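For reference, work_35.txt (compact mmCIF, C-alpha atoms):
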```
# COMPACT_ATOMS: atom_id res chain seq x y z
CA MET R 1 8.15 -3.77 -28.85
CA ASP R 2 11.84 -3.02 -28.33
CA TRP R 3 11.15 -0.38 -25.74
CA MET R 4 9.43 -2.97 -23.56
CA ALA R 5 12.72 -4.87 -23.31
CA TRP R 6 11.19 -8.33 -23.67
CA THR R 7 13.03 -11.47 -22.68
CA TRP R 8 11.90 -15.06 -23.28
CA PRO R 9 11.39 -15.91 -19.60
CA THR R 10 9.15 -12.88 -19.03
CA ALA R 11 7.29 -13.57 -22.27
CA ILE R 12 6.64 -17.17 -21.20
CA PHE R 13 5.55 -15.94 -17.78
CA PHE R 14 2.95 -13.63 -19.31
CA ILE R 15 1.83 -16.19 -21.90
CA VAL R 16 1.18 -18.72 -19.12
CA ILE R 17 -0.82 -16.15 -17.12
CA ALA R 18 -2.79 -15.10 -20.22
CA CYS R 19 -3.56 -18.73 -21.09
CA THR R 20 -4.70 -19.40 -17.51
CA LEU R 21 -7.01 -16.39 -17.62
CA ILE R 22 -8.46 -17.41 -20.98
CA THR R 23 -8.96 -21.01 -19.80
CA PHE R 24 -10.76 -19.84 -16.67
CA THR R 25 -12.91 -17.43 -18.69
CA PHE R 26 -14.06 -20.27 -20.93
CA LEU R 27 -14.58 -22.56 -17.95
CA ALA R 28 -16.72 -19.89 -16.31
CA ILE R 29 -18.85 -19.55 -19.44
CA LYS R 30 -19.15 -23.28 -20.17
CA PHE R 31 -19.69 -24.41 -16.61
CA PRO R 32 -21.33 -21.62 -14.58
CA GLU R 33 -20.94 -22.22 -10.86
CA THR R 34 -22.36 -21.12 -7.56
CA PRO R 35 -20.01 -19.34 -5.14
CA ARG R 36 -19.15 -21.40 -2.08
CA ARG R 37 -17.98 -20.62 1.41
CA GLY R 38 -14.61 -22.10 2.38
CA VAL R 39 -12.14 -21.96 5.25
CA LEU R 40 -11.70 -18.19 4.89
CA GLY R 41 -15.38 -17.76 5.73
CA MET R 42 -16.16 -15.81 2.59
CA GLU R 43 -17.81 -16.69 -0.68
CA THR R 44 -15.44 -17.49 -3.51
CA THR R 45 -15.85 -18.44 -7.13
CA ARG R 46 -13.28 -20.24 -9.27
CA GLY R 47 -11.96 -16.87 -10.44
CA ASP R 48 -11.51 -15.67 -6.85
CA ARG R 49 -9.63 -18.82 -6.01
CA LEU R 50 -7.39 -18.35 -9.06
CA PHE R 51 -6.61 -14.80 -7.92
CA ILE R 52 -5.82 -15.97 -4.38
CA THR R 53 -3.60 -18.67 -5.87
CA LEU R 54 -1.69 -16.30 -8.16
CA LEU R 55 -1.21 -13.58 -5.54
CA GLY R 56 -0.22 -16.11 -2.88
CA SER R 57 2.21 -17.77 -5.28
CA ALA R 58 3.92 -14.43 -5.89
CA PHE R 59 4.46 -14.01 -2.15
CA LEU R 60 5.56 -17.64 -1.78
CA ASN R 61 8.16 -17.14 -4.51
CA LEU R 62 9.47 -13.98 -2.85
CA ALA R 63 9.57 -15.71 0.53
CA TRP R 64 11.48 -18.62 -0.99
CA LEU R 65 13.95 -16.23 -2.62
CA GLY R 66 14.42 -14.29 0.61
CA ILE R 67 14.61 -17.24 3.01
CA VAL R 68 15.94 -20.21 1.02
CA GLY R 69 17.58 -18.19 -1.73
CA ALA R 70 18.46 -21.10 -4.00
CA ASN R 71 16.73 -23.57 -6.32
CA GLN R 72 13.93 -21.16 -7.16
CA PRO R 73 12.08 -23.70 -9.38
CA TYR R 74 11.31 -25.75 -6.25
CA ALA R 75 9.26 -22.81 -5.02
CA LEU R 76 6.86 -23.63 -7.83
CA ILE R 77 6.21 -27.04 -6.25
CA VAL R 78 5.24 -25.29 -3.01
CA CYS R 79 2.99 -23.02 -5.08
CA LEU R 80 1.39 -26.03 -6.74
CA VAL R 81 0.60 -27.57 -3.34
CA TYR R 82 -0.74 -24.18 -2.26
CA ALA R 83 -2.88 -23.95 -5.42
CA VAL R 84 -4.40 -27.39 -4.83
CA ALA R 85 -5.15 -26.45 -1.22
CA VAL R 86 -6.77 -23.15 -2.26
CA PHE R 87 -8.96 -24.79 -4.90
CA ARG R 88 -9.94 -27.59 -2.53
CA TRP R 89 -10.64 -25.71 0.71
CA VAL R 90 -11.00 -21.93 0.15
CA MET L 91 -30.66 -18.77 -2.00
CA ASN L 92 -27.96 -19.78 -4.45
CA LYS L 93 -27.90 -17.93 -7.73
CA THR L 94 -25.74 -19.15 -10.57
CA VAL L 95 -23.11 -16.63 -11.58
CA ASN L 96 -23.20 -15.48 -15.18
CA GLN L 97 -19.71 -14.40 -16.10
CA LYS L 98 -20.66 -13.36 -19.66
CA ALA L 99 -21.31 -9.82 -18.43
CA TRP L 100 -17.55 -9.41 -18.10
CA PHE L 101 -17.34 -8.99 -21.88
CA LEU L 102 -19.08 -5.63 -21.41
CA VAL L 103 -16.00 -4.27 -19.67
CA LEU L 104 -13.75 -4.98 -22.68
CA PRO L 105 -13.43 -1.27 -23.68
CA VAL L 106 -12.29 -0.39 -20.17
CA LEU L 107 -9.90 -3.31 -20.28
CA LEU L 108 -8.35 -1.88 -23.45
CA LEU L 109 -7.92 1.50 -21.82
CA VAL L 110 -6.45 -0.01 -18.66
CA ALA L 111 -4.15 -2.14 -20.80
CA PHE L 112 -2.48 0.96 -22.16
CA SER L 113 -2.48 2.95 -18.94
CA ALA L 114 -1.55 0.19 -16.49
CA VAL L 115 -1.08 -3.35 -17.76
CA ILE L 116 1.49 -2.70 -20.50
CA PRO L 117 3.60 -0.36 -18.31
CA LEU L 118 3.44 -2.98 -15.55
CA MET L 119 4.59 -5.68 -17.96
CA THR L 120 7.49 -3.43 -18.91
CA VAL L 121 8.40 -3.10 -15.25
CA VAL L 122 8.45 -6.90 -14.99
CA ASN L 123 10.79 -6.98 -17.98
CA TYR L 124 13.07 -4.37 -16.43
CA SER L 125 13.16 -6.22 -13.12
CA VAL L 126 15.07 -9.17 -14.55
CA GLN L 127 17.58 -7.11 -16.53
CA ASP L 128 20.30 -4.53 -16.08
CA THR L 129 20.69 -1.43 -18.19
CA PHE L 130 23.10 1.45 -18.59
CA GLY L 131 20.71 3.46 -20.73
CA GLN L 132 20.28 3.71 -24.49
CA ASN L 133 17.76 0.87 -24.38
CA GLN L 134 20.47 -1.76 -24.01
CA PHE L 135 19.58 -4.52 -21.57
CA PHE L 136 21.50 -7.39 -20.02
CA TRP L 137 19.93 -10.43 -18.43
CA ALA L 138 20.19 -10.41 -14.61
CA GLY L 139 17.67 -13.08 -13.59
CA LEU L 140 16.37 -12.78 -10.05
CA GLU L 141 19.44 -10.87 -8.86
CA TRP L 142 17.57 -7.60 -8.21
CA PHE L 143 14.85 -9.30 -6.24
CA GLU L 144 17.48 -11.00 -4.10
CA GLU L 145 19.32 -7.73 -3.64
CA MET L 146 16.14 -5.90 -2.66
CA LEU L 147 15.07 -8.60 -0.21
CA ASP L 148 18.51 -8.32 1.43
CA SER L 149 18.66 -4.55 1.33
CA ASP L 150 18.51 -2.71 4.63
CA ARG L 151 17.47 0.36 2.72
CA MET L 152 14.20 -1.18 1.58
CA TRP L 153 13.36 -2.73 4.95
CA THR L 154 13.99 0.51 6.84
CA ALA L 155 11.87 2.41 4.31
CA LEU L 156 9.15 -0.21 4.82
CA GLY L 157 9.52 0.21 8.59
CA ARG L 158 9.14 3.97 8.28
CA GLN L 159 6.16 3.48 6.01
CA LEU L 160 4.40 1.15 8.44
CA MET L 161 5.16 3.51 11.29
CA PHE L 162 3.72 6.42 9.33
CA SER L 163 0.55 4.50 8.40
CA GLY L 164 0.20 3.23 11.97
CA ILE L 165 0.55 6.69 13.53
CA ILE L 166 -1.88 8.41 11.19
CA LEU L 167 -4.46 5.62 11.60
CA ALA L 168 -4.12 5.76 15.39
CA ILE L 169 -4.85 9.50 15.27
CA GLU L 170 -7.28 9.85 12.38
CA VAL L 171 -9.71 7.06 13.24
CA PRO L 172 -10.50 8.04 16.87
CA LEU L 173 -10.39 11.74 15.98
CA GLY L 174 -12.70 11.20 12.99
CA ILE L 175 -15.19 9.29 15.16
CA PHE L 176 -15.00 12.02 17.82
CA VAL L 177 -15.66 14.74 15.25
CA ALA L 178 -18.55 12.78 13.71
CA LEU L 179 -20.15 12.22 17.13
CA ASN L 180 -20.04 15.94 17.85
CA MET L 181 -21.35 17.15 14.50
CA PRO L 182 -24.95 18.47 14.40
CA LYS L 183 -27.16 15.70 13.03
CA SER L 184 -29.46 17.87 10.92
CA GLY L 185 -30.28 21.41 9.85
CA PHE L 186 -28.15 24.24 8.53
CA TRP L 187 -25.15 23.64 10.80
CA SER L 188 -25.00 20.01 9.78
CA SER L 189 -24.66 20.95 6.10
CA PHE L 190 -22.23 23.70 7.05
CA CYS L 191 -20.04 21.24 8.93
CA LEU L 192 -20.18 18.76 6.05
CA VAL L 193 -19.00 21.38 3.56
CA LEU L 194 -16.31 22.59 5.95
CA MET L 195 -15.11 19.02 6.52
CA SER L 196 -14.88 18.23 2.83
CA LEU L 197 -12.74 21.27 2.00
CA PRO L 198 -9.36 19.70 2.87
CA LEU L 199 -10.29 16.65 0.76
CA LEU L 200 -10.63 18.84 -2.32
CA ILE L 201 -7.15 20.34 -2.16
CA PRO L 202 -4.58 18.74 -4.49
CA TRP L 203 -1.75 16.84 -2.78
CA ASN L 204 1.07 19.09 -3.94
CA VAL L 205 -0.84 22.16 -2.77
CA VAL L 206 -1.33 20.59 0.66
CA GLY L 207 2.41 19.94 0.74
CA THR L 208 3.19 23.52 -0.25
CA ILE L 209 0.76 24.95 2.31
CA TRP L 210 2.44 23.03 5.12
CA GLN L 211 5.90 23.65 3.78
CA ILE L 212 5.34 27.38 4.06
CA PHE L 213 3.19 27.17 7.22
CA GLY L 214 6.01 25.39 9.05
CA ARG L 215 8.87 27.66 7.98
CA VAL L 216 10.49 29.47 10.86
CA ASP L 217 11.20 32.67 8.88
CA ILE L 218 7.85 33.30 7.18
CA GLY L 219 5.44 30.53 8.26
CA LEU L 220 2.80 31.16 10.91
CA LEU L 221 3.29 27.81 12.66
CA GLY L 222 7.08 27.79 12.52
CA HIS L 223 7.39 31.42 13.55
CA THR L 224 4.90 31.07 16.44
CA LEU L 225 6.63 27.96 17.80
CA ASP L 226 9.98 29.72 17.48
CA ALA L 227 8.65 32.80 19.30
CA LEU L 228 7.38 30.53 22.10
CA GLY L 229 10.90 29.22 22.46
CA ILE L 230 10.14 25.76 21.09
CA SER L 231 12.88 24.51 18.82
CA TYR L 232 11.19 23.50 15.59
CA ASN L 233 12.85 23.08 12.24
CA TYR L 234 11.51 20.38 9.97
CA THR L 235 14.47 20.58 7.61
CA GLN L 236 16.98 19.66 10.32
CA ASP L 237 15.16 17.91 13.11
CA THR L 238 13.78 14.38 12.62
CA ILE L 239 11.03 14.69 15.22
CA ALA L 240 9.88 18.03 13.79
CA ALA L 241 9.87 16.59 10.26
CA TRP L 242 7.81 13.59 11.36
CA ALA L 243 5.43 15.74 13.39
CA THR L 244 4.90 18.00 10.38
CA ILE L 245 4.07 15.23 7.91
CA VAL L 246 1.85 13.41 10.42
CA VAL L 247 -0.09 16.56 11.37
CA MET L 248 -0.36 17.42 7.68
CA ASP L 249 -1.87 14.04 6.88
CA VAL L 250 -4.23 14.29 9.86
CA TRP L 251 -5.31 17.74 8.66
CA HIS L 252 -5.83 16.47 5.11
CA TRP L 253 -7.61 13.17 5.76
CA THR L 254 -9.35 13.11 9.16
CA SER L 255 -12.35 14.62 7.37
CA LEU L 256 -12.69 11.49 5.28
CA VAL L 257 -12.94 9.29 8.39
CA ALA L 258 -15.30 11.80 10.01
CA LEU L 259 -17.58 11.94 6.96
CA LEU L 260 -17.72 8.15 6.70
CA ALA L 261 -18.38 7.80 10.43
CA PHE L 262 -21.06 10.50 10.17
CA ALA L 263 -22.77 8.56 7.37
CA GLY L 264 -22.69 5.48 9.60
CA LEU L 265 -24.20 7.41 12.51
CA LYS L 266 -26.95 8.89 10.34
CA SER L 267 -28.11 5.41 9.33
CA ILE L 268 -28.98 4.44 12.93
CA PRO L 269 -32.76 4.54 13.44
CA ASP L 270 -34.06 6.65 16.34
CA ALA L 271 -35.67 3.59 17.91
CA TYR L 272 -32.24 2.37 19.01
CA TYR L 273 -31.61 5.56 20.98
CA GLN L 274 -35.10 5.47 22.46
CA ALA L 275 -34.58 1.90 23.64
CA ALA L 276 -31.26 2.96 25.17
CA LYS L 277 -32.98 5.83 26.97
CA ILE L 278 -35.64 3.49 28.41
CA ASP L 279 -32.85 1.23 29.68
CA GLN L 280 -31.08 4.29 31.12
CA ALA L 281 -27.95 3.42 29.19
CA SER L 282 -24.93 5.66 29.82
CA ARG L 283 -23.40 7.74 27.00
CA TRP L 284 -20.53 5.27 26.85
CA ALA L 285 -22.91 2.30 26.62
CA VAL L 286 -24.79 3.98 23.76
CA PHE L 287 -21.50 4.47 21.94
CA ARG L 288 -20.17 1.01 22.71
CA PHE L 289 -23.29 -1.05 21.98
CA ILE L 290 -25.21 1.01 19.42
CA GLU L 291 -23.06 3.52 17.57
CA LEU L 292 -19.81 1.60 17.29
CA PRO L 293 -21.34 -1.67 15.97
CA LYS L 294 -23.45 0.31 13.50
CA MET L 295 -20.37 2.21 12.32
CA ALA L 296 -18.18 -0.91 12.09
CA GLY L 297 -18.73 -1.34 8.35
CA VAL L 298 -17.90 2.21 7.31
CA LEU L 299 -15.02 2.37 9.78
CA MET L 300 -13.53 -0.74 8.22
CA ILE L 301 -13.73 0.99 4.84
CA ALA L 302 -12.19 4.15 6.32
CA ILE L 303 -9.31 2.24 7.90
CA LEU L 304 -8.52 0.27 4.76
CA LEU L 305 -8.80 3.36 2.54
CA ARG L 306 -6.54 5.40 4.78
CA PHE L 307 -4.07 2.57 5.18
CA MET L 308 -3.83 2.02 1.44
CA ASP L 309 -3.58 5.73 0.66
CA SER L 310 -0.99 6.43 3.34
CA PHE L 311 0.97 3.39 2.26
CA MET L 312 1.29 4.91 -1.22
CA ILE L 313 1.80 8.52 -0.07
CA TYR L 314 4.39 10.44 -2.06
CA THR L 315 3.62 14.02 -2.99
CA GLU L 316 2.95 15.65 0.38
CA PRO L 317 6.02 14.45 2.32
CA PHE L 318 8.12 14.92 -0.82
CA VAL L 319 7.10 18.57 -1.09
CA VAL L 320 7.56 19.26 2.63
CA THR L 321 10.70 17.35 3.57
CA GLY L 322 11.93 15.75 0.34
CA GLY L 323 12.57 12.62 2.42
CA GLY L 324 14.87 14.40 4.85
CA PRO L 325 16.51 15.28 7.14
CA GLY L 326 18.90 12.59 5.96
CA ASN L 327 16.56 9.74 5.16
CA ALA L 328 14.32 10.26 8.17
CA THR L 329 11.09 10.71 6.21
CA THR L 330 12.02 8.70 3.13
CA LEU L 331 8.88 6.61 2.80
CA LEU L 332 8.62 3.72 0.35
CA SER L 333 7.49 5.66 -2.70
CA ILE L 334 10.01 8.46 -2.13
CA ASP L 335 12.77 5.87 -1.88
CA LEU L 336 11.50 4.19 -5.02
CA VAL L 337 11.57 7.41 -7.03
CA LYS L 338 15.07 8.21 -5.73
CA MET L 339 16.23 4.79 -6.88
CA ALA L 340 14.52 4.79 -10.27
CA LEU L 341 14.92 8.39 -11.36
CA GLY L 342 17.69 9.77 -9.14
CA GLN L 343 20.12 6.90 -9.49
CA PHE L 344 18.61 5.42 -12.67
CA ASP L 345 18.86 1.92 -11.16
CA LEU L 346 16.01 0.62 -13.26
CA GLY L 347 16.47 -3.06 -12.41
CA PRO L 348 16.44 -2.80 -8.60
CA ALA L 349 13.75 -0.12 -8.75
CA ALA L 350 11.59 -2.39 -10.92
CA ALA L 351 12.02 -5.30 -8.51
CA PHE L 352 11.23 -2.94 -5.62
CA SER L 353 8.10 -1.59 -7.30
CA LEU L 354 6.82 -5.08 -8.10
CA MET L 355 7.05 -6.06 -4.43
CA TYR L 356 5.43 -2.76 -3.48
CA PHE L 357 2.70 -3.45 -6.04
CA LEU L 358 2.06 -6.94 -4.64
CA VAL L 359 1.51 -5.51 -1.16
CA ILE L 360 -0.88 -2.87 -2.51
CA LEU L 361 -2.67 -5.55 -4.54
CA LEU L 362 -3.06 -7.66 -1.40
CA ILE L 363 -4.51 -4.73 0.57
CA SER L 364 -6.82 -3.83 -2.32
CA TRP L 365 -8.08 -7.39 -2.44
CA VAL L 366 -8.76 -7.40 1.31
CA PHE L 367 -10.52 -4.05 0.84
CA TYR L 368 -12.67 -5.38 -1.99
CA THR L 369 -13.52 -8.55 -0.09
CA VAL L 370 -14.51 -6.62 3.03
CA MET L 371 -16.65 -4.21 0.98
CA THR L 372 -18.51 -6.98 -0.83
CA THR L 373 -18.99 -8.91 2.42
CA ILE L 374 -20.47 -5.82 4.09
CA ASP L 375 -22.71 -5.21 1.06
CA ALA L 376 -23.90 -8.80 1.12
CA LYS L 377 -24.68 -8.54 4.84
CA GLU L 378 -26.61 -5.31 4.46
CA GLY L 379 -28.32 -6.15 1.17
```
The structure in this file should be written as structure tokens.
Amino acid sequence: MDWMAWTWPTAIFFIVIACTLITFTFLAIKFPETPRRGVLGMETTRGDRLFITLLGSAFLNLAWLGIVGANQPYALIVCLVYAVAVFRWV
Amino acid sequence: MNKTVNQKAWFLVLPVLLLVAFSAVIPLMTVVNYSVQDTFGQNQFFWAGLEWFEEMLDSDRMWTALGRQLMFSGIILAIEVPLGIFVALNMPKSGFWSSFCLVLMSLPLLIPWNVVGTIWQIFGRVDIGLLGHTLDALGISYNYTQDTIAAWATIVVMDVWHWTSLVALLAFAGLKSIPDAYYQAAKIDQASRWAVFRFIELPKMAGVLMIAILLRFMDSFMIYTEPFVVTGGGPGNATTLLSIDLVKMALGQFDLGPAAAFSLMYFLVILLISWVFYTVMTTIDAKEG
């Protein structure tokens, strides 16, 4: 694993993503759902909404870094608000 | 009708997942690791945090490369889409010549990228290339190794030559799916050629054109081999598109950290476009099915 140059922060980052994916996989199996149509006008499932959340969060973090440039952890609060909005309305 | 989604079928793709893990996911994870560290080689790394991302977001070099990239994608789309539609409209609809045209159109698509680059590299040379020599003989100054406009013209024309067929073939497929009744109705109404195109052909082609535009945008956004072979990013940095710049940074300068941060941002943009592409495709499928 040395060649992959692991660090704790990146490891935690991937562990969190892996755990989220596993949780959502189990949720999808335990509680099957019907896709619904939200504000984007397209059908989404929970998995789709998770993808939109994760991808959007990446862009939000970059935007925060580029525009605000300090206190990066606060960007996560914005992402959390974004996530709630996506899961509620998309 | 609302069907419940059964996600258990996803377990069937586990073997593919394993394969993709080794070919894409693990290398990508390594890139993430590199992006937060600095290295001077010999597998020794030093923690750098978000420094490289900050540096890349502030770097003129990346933004100008992105600007060039968007300009390139914009120009080739503006040429290839109308040209592809025009070609498709003028292709014979059936019979021997239709098949002949289809085979002829697919030929450029079968040629490997580096070969396309080499063909145009030689074709455009003033000393031995047919295009370069002819232009020179006509008194037109053309030298893609020294002149920015010539270099841009060469890579744009090369891409148009290579990929217009794809748009044309997709548009042709769209046209073929229009039932004759539509044209008959148009004839009864004495619709003009333009009206037939505007109200019958274009709406019926909208789906495949959307696919063509997204495919071409995504592909041109990631283009590397052809411009690299022809101009190598020059003259100066005039045709240094995103991927060429990335390779220069990662392999030429061995700046692994900044290059990793750069490629992650590049990847996110591609991922976003791919997602839009996928969503549009499934929406079209749902509409038609």
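Between atom CA of Pro317 of chain L and atom CA of Thr329 of chain L the separation is 7.4 Å.
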- Could you tell me which of L:Ala261, L:Ile374, L:Leu292, L:Met152 comes closest to Tyr356 of chain L if we count only C-alpha atoms? L:Met152
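Across the structure, atom CA of Leu140 of chain L and atom CA of Val126 of chain L are spaced 5.9 Å apart.
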- Task: Kindly determine which residues of chain R lie within 8 Å of chain L, considering only C-alpha atoms, and give the answer as a count of residues only.
- Result: 21
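Residue neighbourhood of segment 188-203 of chain L, excluding near-sequence residues (fewer than 5 positions): L:Val177, L:Ala178, L:Met181, L:Pro182, L:Lys183, L:Thr208, L:Ile209, L:Trp251, L:His252, L:Trp253, L:Thr254, L:Ser255, L:Leu256, L:Ala258, L:Leu259, L:Phe262, L:Ile313, L:Tyr314, L:Thr315, L:Glu316, L:Pro317, L:Val319, at 10 Å, using all atoms listed in the file.
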For segment 28-47 of chain R, what centre and edge lengths in Å (one decimal) does the axis-aligned box get once 3 Å is added on each side of all its listed atoms, as lines of an AutoDock Vina configuration file?
```
center_x = -17.0
center_y = -20.1
center_z = -7.2
size_x = 16.7
size_y = 14.6
size_z = 31.9
```
- Message: Given all atoms listed in the file as the basis, pick out the residue of R:Phe13, R:Val81, R:Gly38, R:Arg46 nearest to Phe26 of chain R.
- Response: R:Arg46
Find the residues near Val39 of chain R: any atom within 10 Å, counting only C-alpha atoms, skip ones fewer than 5 places away on the same chain, and give them as a compact mmCIF listing (two decimals) with C-alpha atoms, in the coordinates of the input.
```
# COMPACT_ATOMS: atom_id res chain seq x y z
CA VAL R 86 -6.77 -23.15 -2.26
CA ARG R 88 -9.94 -27.59 -2.53
CA TRP R 89 -10.64 -25.71 0.71
CA VAL R 90 -11.00 -21.93 0.15
```
- Item | segment 165-173 of chain L environment, 12 Å, all atoms listed in the file, sequence neighbours closer than 4 positions dropped, as a PyMOL selection string | chain L and resi 158-161+177-180+242-261+292+295-296+298-311+313
- Item | Test item: residues at most 10 Å from Leu54 of chain R, only C-alpha atoms, excluding those fewer than 4 positions along its chain, as a ChimeraX atom specification | /R:17,48-50,58-60,79,82-83
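Nearest residue to Phe51 of chain R, choosing from R:Met1, R:Ala11, R:Val16, R:Leu21 and counting all atoms listed in the file: R:Leu21.
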- Task: Would you mind listing what lies within 7 Å of Arg36 of chain R as a ChimeraX atom specification, with all atoms listed in the file counted and same-chain residues fewer than 6 positions away left out?
- Result: /R:43-45
Serialized selection, C-alpha atoms, as an mmCIF file, in the coordinates of the input:
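Okay, out_7.cif is ready:
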```cif
data_model
loop_
_atom_site.group_PDB
_atom_site.id
_atom_site.type_symbol
_atom_site.label_atom_id
_atom_site.label_comp_id
_atom_site.auth_asym_id
_atom_site.auth_seq_id
_atom_site.Cartn_x
_atom_site.Cartn_y
_atom_site.Cartn_z
ATOM 1 C CA GLU R 43 -17.810 -16.690 -0.680
ATOM 2 C CA THR R 44 -15.440 -17.490 -3.510
ATOM 3 C CA THR R 45 -15.850 -18.440 -7.130
#
```
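The space between atom CA of Ser57 of chain R and atom CA of Phe14 of chain R spans 14.6 Å.
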